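Chemist: query.cif is the file, holding mmCIF, C-alpha atoms:
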data_my_file
loop_
_atom_site.label_atom_id
_atom_site.label_comp_id
_atom_site.auth_asym_id
_atom_site.auth_seq_id
_atom_site.Cartn_x
_atom_site.Cartn_y
_atom_site.Cartn_z
CA MET A 1 0.00 0.00 0.00
CA ILE A 2 2.80 2.40 0.90
CA GLY A 3 5.26 2.23 -1.93
CA ILE A 4 8.70 3.54 -2.71
CA ILE A 5 7.14 6.58 -4.46
CA ASP A 6 5.44 7.59 -1.20
CA TYR A 7 8.75 7.36 0.64
CA LEU A 8 10.46 9.43 -2.06
CA MET A 9 7.69 12.04 -1.92
CA ILE A 10 8.05 12.39 1.85
CA LEU A 11 11.83 12.56 1.52
CA GLY A 12 11.41 15.23 -1.18
CA THR A 13 9.23 17.26 1.18
CA ILE A 14 11.77 17.27 4.00
CA ALA A 15 14.90 17.35 1.79
CA PRO A 16 15.22 21.19 1.56
CA ALA A 17 15.06 21.53 5.35
CA LEU A 18 17.58 18.71 5.77
CA VAL A 19 19.99 20.36 3.32
CA LEU A 20 19.62 23.68 5.17
CA TRP A 21 20.34 22.16 8.60
CA ILE A 22 23.30 20.15 7.28
CA ALA A 23 24.71 23.38 5.80
CA VAL A 24 24.21 25.10 9.19
CA ILE A 25 26.11 22.27 10.94
CA ILE A 26 29.00 22.47 8.42
CA PHE A 27 29.17 26.27 8.87
CA ALA A 28 29.13 25.96 12.67
CA VAL A 29 31.83 23.26 12.65
CA ILE A 30 34.05 25.49 10.49
CA MET A 31 33.47 28.39 12.91
CA LEU A 32 34.19 26.14 15.89
CA ARG A 33 37.52 25.05 14.38
CA ARG A 34 38.44 28.69 13.82
CA GLY A 35 38.21 29.42 17.52
CA GLY A 36 34.47 29.32 18.13
CA GLY A 37 33.06 28.58 21.54
CA ARG A 38 29.82 27.95 23.33
CA ALA A 39 27.61 29.68 20.76
CA GLU A 40 28.87 27.48 17.92
CA ARG A 41 28.36 24.34 20.03
CA PHE A 42 24.75 25.37 20.71
CA MET A 43 24.30 26.05 17.02
CA ILE A 44 25.52 22.54 16.14
CA ALA A 45 23.25 21.05 18.82
CA GLY A 46 20.24 23.02 17.54
CA ALA A 47 20.81 22.09 13.90
CA GLY A 48 21.40 18.43 14.88
CA ILE A 49 18.15 18.33 16.82
CA LYS A 50 16.29 19.88 13.86
CA ILE A 51 17.74 17.20 11.55
CA VAL A 52 16.58 14.44 13.91
CA SER A 53 13.15 16.09 14.16
CA ASN A 54 12.88 16.25 10.35
CA LEU A 55 13.94 12.64 9.89
CA LEU A 56 11.45 11.45 12.51
CA ARG A 57 8.75 13.25 10.54
CA ILE A 58 8.95 10.57 7.80
CA PRO A 59 7.12 7.78 9.68
CA MET A 60 4.43 10.21 10.84
CA VAL A 61 2.64 10.07 7.47
CA PHE A 62 2.34 6.30 7.64
CA ILE A 63 1.16 5.96 11.26
CA VAL A 64 -2.58 6.49 10.63
CA PRO A 65 -2.93 4.14 7.59
CA TRP A 66 -0.73 1.52 9.28
CA LEU A 67 -2.81 1.51 12.48
CA ILE A 68 -6.10 1.41 10.56
CA ASP A 69 -4.77 -1.53 8.49
CA ARG A 70 -4.01 -3.36 11.72
CA GLY A 71 -7.63 -2.99 12.82
CA TYR A 72 -7.45 -0.01 15.15
CA SER A 73 -10.20 2.61 15.07
CA SER A 74 -9.58 5.87 13.20
CA ASP A 75 -10.05 7.86 16.45
CA TYR A 76 -7.28 5.86 18.08
CA ALA A 77 -5.03 6.26 15.01
CA ILE A 78 -5.61 10.03 14.98
CA SER A 79 -4.84 10.33 18.69
CA VAL A 80 -1.59 8.33 18.25
CA SER A 81 -0.67 10.56 15.31
CA THR A 82 -1.39 13.67 17.40
CA GLY A 83 0.75 12.36 20.25
CA TYR A 84 3.62 11.62 17.90
CA GLY A 85 3.21 15.06 16.29
CA ILE A 86 3.42 16.77 19.69
CA PHE A 87 6.51 14.71 20.53
CA LEU A 88 8.15 15.82 17.26
CA ASN A 89 7.23 19.44 17.91
CA VAL A 90 8.75 19.25 21.39
CA ILE A 91 12.00 18.03 19.77
CA GLY A 92 11.72 20.87 17.22
CA MET A 93 11.14 23.32 20.07
CA ALA A 94 14.37 22.18 21.76
CA GLY A 95 16.23 22.75 18.48
CA ILE A 96 14.83 26.25 18.01
CA ILE A 97 15.63 27.17 21.63
CA CYS A 98 19.24 25.94 21.16
CA LEU A 99 19.62 28.07 18.02
CA VAL A 100 18.10 31.19 19.59
CA TYR A 101 20.26 30.69 22.69
CA ALA A 102 23.35 30.38 20.46
CA PHE A 103 22.44 33.74 18.92
CA TRP A 104 21.93 35.22 22.40
CA VAL A 105 25.36 33.93 23.60
CA LYS A 106 27.01 35.37 20.49
CA PHE A 107 25.27 38.71 21.04
CA LYS A 108 26.51 38.86 24.66
CA THR A 109 30.07 37.88 23.61
CA ARG A 110 30.13 40.50 20.88
CA SER A 111 28.82 43.18 23.24
CA LEU A 112 31.65 42.40 25.69
CA GLU A 113 34.19 42.36 22.83
CA GLY A 114 32.90 45.78 21.76
CA ILE A 115 33.34 47.19 25.27
CA ASP A 116 36.88 45.72 25.51
CA THR A 117 37.82 47.24 22.14
CA LYS A 118 36.52 50.67 23.23
CA ILE A 119 38.44 50.52 26.52
CA SER A 120 41.67 49.45 24.75
CA ALA A 121 41.31 52.24 22.20
CA ASN A 122 40.69 54.83 24.91
CA LEU A 123 43.65 53.63 26.99
CA GLU A 124 45.92 53.79 23.95
CA ARG A 125 44.83 57.38 23.31
CA GLY A 126 45.18 58.17 27.02
CA THR A 127 41.63 59.43 27.34
CA HIS A 128 39.67 57.86 30.16
CA ASP A 129 36.66 60.14 29.94
CA THR A 130 34.90 58.10 27.27
CA ILE A 131 35.23 54.68 28.91
CA PRO A 132 31.76 53.15 28.75
CA GLU A 133 29.91 52.47 31.96
CA TYR A 134 29.04 48.88 32.83
CA MET B 1 -20.35 12.36 20.28
CA SER B 2 -19.69 13.40 16.71
CA SER B 3 -19.23 17.04 17.74
CA SER B 4 -16.59 16.10 20.32
CA VAL B 5 -14.71 14.06 17.69
CA SER B 6 -14.84 16.92 15.19
CA VAL B 7 -13.65 19.39 17.85
CA ALA B 8 -10.75 17.05 18.63
CA ILE B 9 -9.82 16.87 14.94
CA PHE B 10 -10.17 20.63 14.50
CA SER B 11 -7.96 21.56 17.45
CA GLU B 12 -5.42 18.79 16.81
CA PRO B 13 -3.08 20.75 14.48
CA LEU B 14 -3.12 23.74 16.82
CA ILE B 15 -2.25 21.56 19.83
CA ARG B 16 0.49 19.92 17.79
CA ASN B 17 2.01 23.31 16.92
CA ILE B 18 2.01 24.69 20.47
CA PRO B 19 5.62 23.63 21.37
CA GLU B 20 7.11 25.30 18.28
CA LEU B 21 4.88 28.36 18.84
CA VAL B 22 6.34 28.61 22.36
CA ALA B 23 9.88 28.28 20.95
CA TRP B 24 9.35 31.05 18.39
CA GLY B 25 7.75 33.15 21.17
CA ILE B 26 10.91 32.72 23.27
CA GLY B 27 12.91 33.73 20.19
CA ILE B 28 10.81 36.90 19.81
CA VAL B 29 11.27 37.80 23.50
CA LEU B 30 15.07 37.31 23.33
CA ALA B 31 15.29 39.24 20.06
CA VAL B 32 13.32 42.15 21.57
CA LEU B 33 15.68 42.13 24.58
CA MET B 34 18.70 42.21 22.25
CA VAL B 35 17.25 45.08 20.19
CA ARG B 36 16.50 47.05 23.36
CA ARG B 37 20.04 46.45 24.63
CA GLY B 38 21.56 48.14 21.64
CA GLY B 39 21.26 45.42 19.03
CA GLY B 40 21.56 46.41 15.39
CA LYS B 41 20.42 45.14 12.05
CA THR B 42 21.23 41.50 12.83
CA GLU B 43 19.05 41.41 15.92
CA LYS B 44 16.21 43.12 14.03
CA LEU B 45 16.50 40.46 11.34
CA LEU B 46 16.26 37.76 14.01
CA LEU B 47 13.17 39.47 15.41
CA ALA B 48 11.60 39.63 11.95
CA GLY B 49 12.44 35.98 11.24
CA CYS B 50 11.05 34.72 14.55
CA SER B 51 7.89 36.82 14.13
CA LEU B 52 7.27 35.52 10.60
CA MET B 53 7.81 31.92 11.68
CA PHE B 54 5.44 32.48 14.63
CA VAL B 55 2.77 33.82 12.28
CA THR B 56 3.20 30.84 9.95
CA GLN B 57 2.96 28.34 12.80
CA LEU B 58 -0.18 30.08 14.06
CA ALA B 59 -1.84 30.42 10.67
CA SER B 60 -1.31 26.88 9.35
CA PRO B 61 -3.71 25.19 11.84
CA LEU B 62 -6.30 27.87 11.11
CA LEU B 63 -5.89 27.09 7.42
CA TYR B 64 -6.46 23.41 8.17
CA GLU B 65 -9.64 24.32 10.02
CA LEU B 66 -10.76 26.48 7.08
CA VAL B 67 -10.33 23.55 4.70
CA GLN B 68 -12.27 21.26 7.07
CA TRP B 69 -15.05 23.84 7.25
CA LEU B 70 -15.17 24.30 3.47
CA THR B 71 -15.42 20.55 2.90
CA SER B 72 -17.92 19.67 5.62
CA GLU B 73 -20.11 22.75 6.09
CA ARG B 74 -20.09 24.30 2.62
CA GLY B 75 -20.17 20.94 0.83
CA MET B 76 -17.28 21.95 -1.40
CA SER B 77 -15.82 19.24 -3.61
CA HIS B 78 -12.36 17.95 -2.84
CA ILE B 79 -10.96 19.42 -6.08
CA ALA B 80 -12.39 22.87 -5.33
CA THR B 81 -11.10 22.64 -1.76
CA ALA B 82 -7.63 21.66 -3.00
CA GLN B 83 -7.65 24.67 -5.37
CA THR B 84 -8.72 27.04 -2.58
CA MET B 85 -6.10 25.53 -0.27
CA GLY B 86 -3.44 26.06 -2.92
CA TRP B 87 -4.26 29.76 -3.18
CA VAL B 88 -4.38 30.21 0.58
CA THR B 89 -1.21 28.18 1.15
CA LEU B 90 0.83 30.26 -1.31
CA PRO B 91 1.05 33.45 0.84
CA LEU B 92 1.76 31.30 3.88
CA THR B 93 4.63 29.60 2.07
CA VAL B 94 6.00 32.99 1.00
CA ILE B 95 5.81 34.26 4.61
CA SER B 96 7.55 31.12 5.85
CA LEU B 97 10.26 31.47 3.22
CA ALA B 98 10.75 35.15 4.12
CA GLY B 99 11.11 34.17 7.79
CA LEU B 100 13.67 31.52 6.93
CA VAL B 101 15.67 33.98 4.78
CA CYS B 102 15.66 36.53 7.64
CA LEU B 103 16.87 33.89 10.11
CA VAL B 104 19.60 32.53 7.83
CA TRP B 105 20.76 36.07 7.06
CA ALA B 106 20.77 37.04 10.75
CA PHE B 107 22.76 33.96 11.77
CA TRP B 108 25.17 34.39 8.86
CA VAL B 109 25.93 38.03 9.75
CA GLN B 110 26.11 37.39 13.51
CA PHE B 111 28.50 34.45 13.26
CA ARG B 112 30.53 35.76 10.32
CA VAL B 113 31.49 39.14 11.85
CA LYS B 114 33.75 37.59 14.49
CA ARG B 115 35.94 36.11 11.77
CA GLY B 116 36.38 39.59 10.27
CA VAL B 117 37.18 41.10 13.65
CA SER B 118 39.74 38.43 14.62
CA ALA B 119 41.39 38.42 11.18
#
Starting from the file, lay out its structure as structure tokens.

Modeler:
Amino acid sequence: MIGIIDYLMILGTIAPALVLWIAVIIFAVIMLRRGGGRAERFMIAGAGIKIVSNLLRIPMVFIVPWLIDRGYSSDYAISVSTGYGIFLNVIGMAGIICLVYAFWVKFKTRSLEGIDTKISANLERGTHDTIPEY
Amino acid sequence: MSSSVSVAIFSEPLIRNIPELVAWGIGIVLAVLMVRRGGGKTEKLLLAGCSLMFVTQLASPLLYELVQWLTSERGMSHIATAQTMGWVTLPLTVISLAGLVCLVWAFWVQFRVKRGVSA
């Protein structure tokens, strides 16, 4: 009933997202090797979780027909599908939170780097009046 | 009995989307905090991206409900419903794509700048 074409169609639907997240992981790994830190690690974690979430989305399409074929009621099949969907969205939520947190960490690091640069520049010029307040 | 089943089916996509809605909401809150703490273009792009993704996540279950309503209440044929859905889905896809572009751009700029600074 569920043929190879169905599998290919599902894979085609999630393929763009998979490519995007794999590209994000490659980018983050490159940044990590060039002296990246916590933010890059969170970025890799977030993209990895999103890949897992996307891959787990494949069986979701087949849950309802498979359960109905095995003699379960459609209400039961729909509730199982809903439960699985919520589970997948919770995984997706963890991925998004990791990515947003990575951005937040990077923002904080860059803000501190900006303050340090200003202080160094002011000290070199010998002017202390424009040192930013913390 | 039948009404409770239909209510369960109608609210099912919305319930399913709640975790990701919460995640995008957290993203919006953090982006607003960053913008208010002196964030620039990158943080505004993150805010735009998170907002657009939030809107998409919120609108897609409503779209599902609209299709259900058109099929059951209005007695629309499946072909006509599919056509209507196609027209309604198009703007949603564009919004989602715009959100994704904003997010990718924001992340690219935020994580690329350090390389320029350290070089």

Chemist: On this structure, which residues satisfy the PyMOL selection byres ((chain A and resi 96) around 9), written as a CSV table (one decimal) with C-alpha atoms, in the frame of the given file?

Modeler:
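Result written to expr-v8.csv:
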chain,number,residue,atom,x,y,z
A,46,GLY,CA,20.2,23.0,17.5
A,47,ALA,CA,20.8,22.1,13.9
A,49,ILE,CA,18.2,18.3,16.8
A,50,LYS,CA,16.3,19.9,13.9
A,91,ILE,CA,12.0,18.0,19.8
A,92,GLY,CA,11.7,20.9,17.2
A,93,MET,CA,11.1,23.3,20.1
A,94,ALA,CA,14.4,22.2,21.8
A,95,GLY,CA,16.2,22.8,18.5
A,97,ILE,CA,15.6,27.2,21.6
A,98,CYS,CA,19.2,25.9,21.2
A,99,LEU,CA,19.6,28.1,18.0
A,100,VAL,CA,18.1,31.2,19.6
A,101,TYR,CA,20.3,30.7,22.7
B,20,GLU,CA,7.1,25.3,18.3
B,23,ALA,CA,9.9,28.3,21.0
B,24,TRP,CA,9.4,31.0,18.4
B,27,GLY,CA,12.9,33.7,20.2

Chemist: Name the residues that the PyMOL selection byres ((chain B) within 9 of (chain A)) picks from the file above, as a VMD selection string, using the file's chain letters and numbers.

Modeler: chain B and resid 5 8 to 9 12 to 13 15 to 24 26 to 27 30 to 31 34 38 to 39 43 46 104 106 to 107 110 to 112 114 to 115

Chemist: Export C-alpha atoms of the chosen residues as a tab-separated table (two decimals), in the coordinates of the input?

Modeler:
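This went into result27.tsv:
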chain	number	residue	atom	x	y	z
B	5	VAL	CA	-14.71	14.06	17.69
B	8	ALA	CA	-10.75	17.05	18.63
B	9	ILE	CA	-9.82	16.87	14.94
B	12	GLU	CA	-5.42	18.79	16.81
B	13	PRO	CA	-3.08	20.75	14.48
B	15	ILE	CA	-2.25	21.56	19.83
B	16	ARG	CA	0.49	19.92	17.79
B	17	ASN	CA	2.01	23.31	16.92
B	18	ILE	CA	2.01	24.69	20.47
B	19	PRO	CA	5.62	23.63	21.37
B	20	GLU	CA	7.11	25.30	18.28
B	21	LEU	CA	4.88	28.36	18.84
B	22	VAL	CA	6.34	28.61	22.36
B	23	ALA	CA	9.88	28.28	20.95
B	24	TRP	CA	9.35	31.05	18.39
B	26	ILE	CA	10.91	32.72	23.27
B	27	GLY	CA	12.91	33.73	20.19
B	30	LEU	CA	15.07	37.31	23.33
B	31	ALA	CA	15.29	39.24	20.06
B	34	MET	CA	18.70	42.21	22.25
B	38	GLY	CA	21.56	48.14	21.64
B	39	GLY	CA	21.26	45.42	19.03
B	43	GLU	CA	19.05	41.41	15.92
B	46	LEU	CA	16.26	37.76	14.01
B	104	VAL	CA	19.60	32.53	7.83
B	106	ALA	CA	20.77	37.04	10.75
B	107	PHE	CA	22.76	33.96	11.77
B	110	GLN	CA	26.11	37.39	13.51
B	111	PHE	CA	28.50	34.45	13.26
B	112	ARG	CA	30.53	35.76	10.32
B	114	LYS	CA	33.75	37.59	14.49
B	115	ARG	CA	35.94	36.11	11.77

Chemist: Take the PyMOL selection byres ((chain B and resi 90-96) around 10), run it mentally on this structure, and tell me the resulting residues as a CSV table (one decimal) with C-alpha atoms, keeping the file's coordinate frame.

Modeler:
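What ended up in selection28.csv:
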chain,number,residue,atom,x,y,z
B,49,GLY,CA,12.4,36.0,11.2
B,52,LEU,CA,7.3,35.5,10.6
B,53,MET,CA,7.8,31.9,11.7
B,54,PHE,CA,5.4,32.5,14.6
B,55,VAL,CA,2.8,33.8,12.3
B,56,THR,CA,3.2,30.8,10.0
B,57,GLN,CA,3.0,28.3,12.8
B,59,ALA,CA,-1.8,30.4,10.7
B,60,SER,CA,-1.3,26.9,9.4
B,63,LEU,CA,-5.9,27.1,7.4
B,85,MET,CA,-6.1,25.5,-0.3
B,86,GLY,CA,-3.4,26.1,-2.9
B,87,TRP,CA,-4.3,29.8,-3.2
B,88,VAL,CA,-4.4,30.2,0.6
B,89,THR,CA,-1.2,28.2,1.2
B,97,LEU,CA,10.3,31.5,3.2
B,98,ALA,CA,10.8,35.2,4.1
B,99,GLY,CA,11.1,34.2,7.8
B,100,LEU,CA,13.7,31.5,6.9
B,101,VAL,CA,15.7,34.0,4.8
B,102,CYS,CA,15.7,36.5,7.6

Chemist: Please, what distance in Å, to one decimal, runs between CA of Thr84 in chain B and CA of Leu70 in chain B?

Modeler: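 Separation of CA of Thr84 in chain B and CA of Leu70 in chain B: 9.3 Å.
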
Chemist: Of the candidates A:Ile26, A:Leu32, A:Val64, A:Ala15, which shows the shortest atom-to-atom distance to Gly48 in chain A, using all atoms listed in the file?

Modeler: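 Using all atoms listed in the file, Gly48 in chain A sits closest to A:Ile26.
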
Chemist: Could you please fill out range 75-95 of chain B with N, CA, C and O atoms and send it back as a PDB file, in the frame of the given file?

Modeler:
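Here's the written file result.pdb:
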ATOM      1  N   GLY B  75     -19.978  22.013   1.806  1.00  0.00           N
ATOM      2  CA  GLY B  75     -20.170  20.940   0.830  1.00  0.00           C
ATOM      3  C   GLY B  75     -19.329  21.110  -0.421  1.00  0.00           C
ATOM      4  O   GLY B  75     -19.707  20.672  -1.507  1.00  0.00           O
ATOM      5  N   MET B  76     -18.180  21.725  -0.257  1.00  0.00           N
ATOM      6  CA  MET B  76     -17.280  21.950  -1.400  1.00  0.00           C
ATOM      7  C   MET B  76     -16.652  20.622  -1.842  1.00  0.00           C
ATOM      8  O   MET B  76     -16.350  19.772  -0.996  1.00  0.00           O
ATOM      9  N   SER B  77     -16.452  20.473  -3.126  1.00  0.00           N
ATOM     10  CA  SER B  77     -15.820  19.240  -3.610  1.00  0.00           C
ATOM     11  C   SER B  77     -14.335  19.252  -3.228  1.00  0.00           C
ATOM     12  O   SER B  77     -13.760  20.301  -2.957  1.00  0.00           O
ATOM     13  N   HIS B  78     -13.759  18.059  -3.247  1.00  0.00           N
ATOM     14  CA  HIS B  78     -12.360  17.950  -2.840  1.00  0.00           C
ATOM     15  C   HIS B  78     -11.435  18.714  -3.802  1.00  0.00           C
ATOM     16  O   HIS B  78     -10.435  19.292  -3.379  1.00  0.00           O
ATOM     17  N   ILE B  79     -11.802  18.710  -5.092  1.00  0.00           N
ATOM     18  CA  ILE B  79     -10.960  19.420  -6.080  1.00  0.00           C
ATOM     19  C   ILE B  79     -11.009  20.927  -5.831  1.00  0.00           C
ATOM     20  O   ILE B  79      -9.977  21.607  -5.808  1.00  0.00           O
ATOM     21  N   ALA B  80     -12.240  21.429  -5.598  1.00  0.00           N
ATOM     22  CA  ALA B  80     -12.390  22.870  -5.330  1.00  0.00           C
ATOM     23  C   ALA B  80     -11.678  23.254  -4.037  1.00  0.00           C
ATOM     24  O   ALA B  80     -11.027  24.311  -3.956  1.00  0.00           O
ATOM     25  N   THR B  81     -11.778  22.378  -3.027  1.00  0.00           N
ATOM     26  CA  THR B  81     -11.100  22.640  -1.760  1.00  0.00           C
ATOM     27  C   THR B  81      -9.589  22.674  -1.949  1.00  0.00           C
ATOM     28  O   THR B  81      -8.891  23.540  -1.400  1.00  0.00           O
ATOM     29  N   ALA B  82      -9.083  21.718  -2.749  1.00  0.00           N
ATOM     30  CA  ALA B  82      -7.630  21.660  -3.000  1.00  0.00           C
ATOM     31  C   ALA B  82      -7.166  22.932  -3.710  1.00  0.00           C
ATOM     32  O   ALA B  82      -6.104  23.476  -3.390  1.00  0.00           O
ATOM     33  N   GLN B  83      -8.003  23.426  -4.658  1.00  0.00           N
ATOM     34  CA  GLN B  83      -7.650  24.670  -5.370  1.00  0.00           C
ATOM     35  C   GLN B  83      -7.605  25.850  -4.411  1.00  0.00           C
ATOM     36  O   GLN B  83      -6.667  26.657  -4.422  1.00  0.00           O
ATOM     37  N   THR B  84      -8.663  25.945  -3.564  1.00  0.00           N
ATOM     38  CA  THR B  84      -8.720  27.040  -2.580  1.00  0.00           C
ATOM     39  C   THR B  84      -7.512  26.967  -1.644  1.00  0.00           C
ATOM     40  O   THR B  84      -6.869  27.970  -1.340  1.00  0.00           O
ATOM     41  N   MET B  85      -7.223  25.739  -1.202  1.00  0.00           N
ATOM     42  CA  MET B  85      -6.100  25.530  -0.270  1.00  0.00           C
ATOM     43  C   MET B  85      -4.787  25.975  -0.919  1.00  0.00           C
ATOM     44  O   MET B  85      -3.940  26.589  -0.257  1.00  0.00           O
ATOM     45  N   GLY B  86      -4.653  25.658  -2.198  1.00  0.00           N
ATOM     46  CA  GLY B  86      -3.440  26.060  -2.920  1.00  0.00           C
ATOM     47  C   GLY B  86      -3.261  27.557  -2.913  1.00  0.00           C
ATOM     48  O   GLY B  86      -2.171  28.060  -2.644  1.00  0.00           O
ATOM     49  N   TRP B  87      -4.340  28.297  -3.155  1.00  0.00           N
ATOM     50  CA  TRP B  87      -4.260  29.760  -3.180  1.00  0.00           C
ATOM     51  C   TRP B  87      -4.005  30.350  -1.810  1.00  0.00           C
ATOM     52  O   TRP B  87      -3.364  31.377  -1.670  1.00  0.00           O
ATOM     53  N   VAL B  88      -4.583  29.693  -0.772  1.00  0.00           N
ATOM     54  CA  VAL B  88      -4.380  30.210   0.580  1.00  0.00           C
ATOM     55  C   VAL B  88      -2.993  29.825   1.107  1.00  0.00           C
ATOM     56  O   VAL B  88      -2.363  30.581   1.852  1.00  0.00           O
ATOM     57  N   THR B  89      -2.514  28.652   0.669  1.00  0.00           N
ATOM     58  CA  THR B  89      -1.210  28.180   1.150  1.00  0.00           C
ATOM     59  C   THR B  89      -0.059  29.008   0.585  1.00  0.00           C
ATOM     60  O   THR B  89       0.964  29.182   1.247  1.00  0.00           O
ATOM     61  N   LEU B  90      -0.248  29.530  -0.620  1.00  0.00           N
ATOM     62  CA  LEU B  90       0.830  30.260  -1.310  1.00  0.00           C
ATOM     63  C   LEU B  90       1.380  31.435  -0.477  1.00  0.00           C
ATOM     64  O   LEU B  90       2.597  31.499  -0.246  1.00  0.00           O
ATOM     65  N   PRO B  91       0.498  32.354   0.018  1.00  0.00           N
ATOM     66  CA  PRO B  91       1.050  33.450   0.840  1.00  0.00           C
ATOM     67  C   PRO B  91       1.738  32.953   2.105  1.00  0.00           C
ATOM     68  O   PRO B  91       2.750  33.511   2.532  1.00  0.00           O
ATOM     69  N   LEU B  92       1.174  31.869   2.668  1.00  0.00           N
ATOM     70  CA  LEU B  92       1.760  31.300   3.880  1.00  0.00           C
ATOM     71  C   LEU B  92       3.162  30.760   3.613  1.00  0.00           C
ATOM     72  O   LEU B  92       4.080  30.945   4.419  1.00  0.00           O
ATOM     73  N   THR B  93       3.318  30.123   2.452  1.00  0.00           N
ATOM     74  CA  THR B  93       4.630  29.600   2.070  1.00  0.00           C
ATOM     75  C   THR B  93       5.616  30.745   1.866  1.00  0.00           C
ATOM     76  O   THR B  93       6.782  30.653   2.266  1.00  0.00           O
ATOM     77  N   VAL B  94       5.135  31.825   1.240  1.00  0.00           N
ATOM     78  CA  VAL B  94       6.000  32.990   1.000  1.00  0.00           C
ATOM     79  C   VAL B  94       6.436  33.603   2.337  1.00  0.00           C
ATOM     80  O   VAL B  94       7.613  33.938   2.524  1.00  0.00           O
ATOM     81  N   ILE B  95       5.482  33.711   3.285  1.00  0.00           N
ATOM     82  CA  ILE B  95       5.810  34.260   4.610  1.00  0.00           C
ATOM     83  C   ILE B  95       6.842  33.379   5.307  1.00  0.00           C
ATOM     84  O   ILE B  95       7.826  33.858   5.875  1.00  0.00           O
TER      85      ILE B  95
END
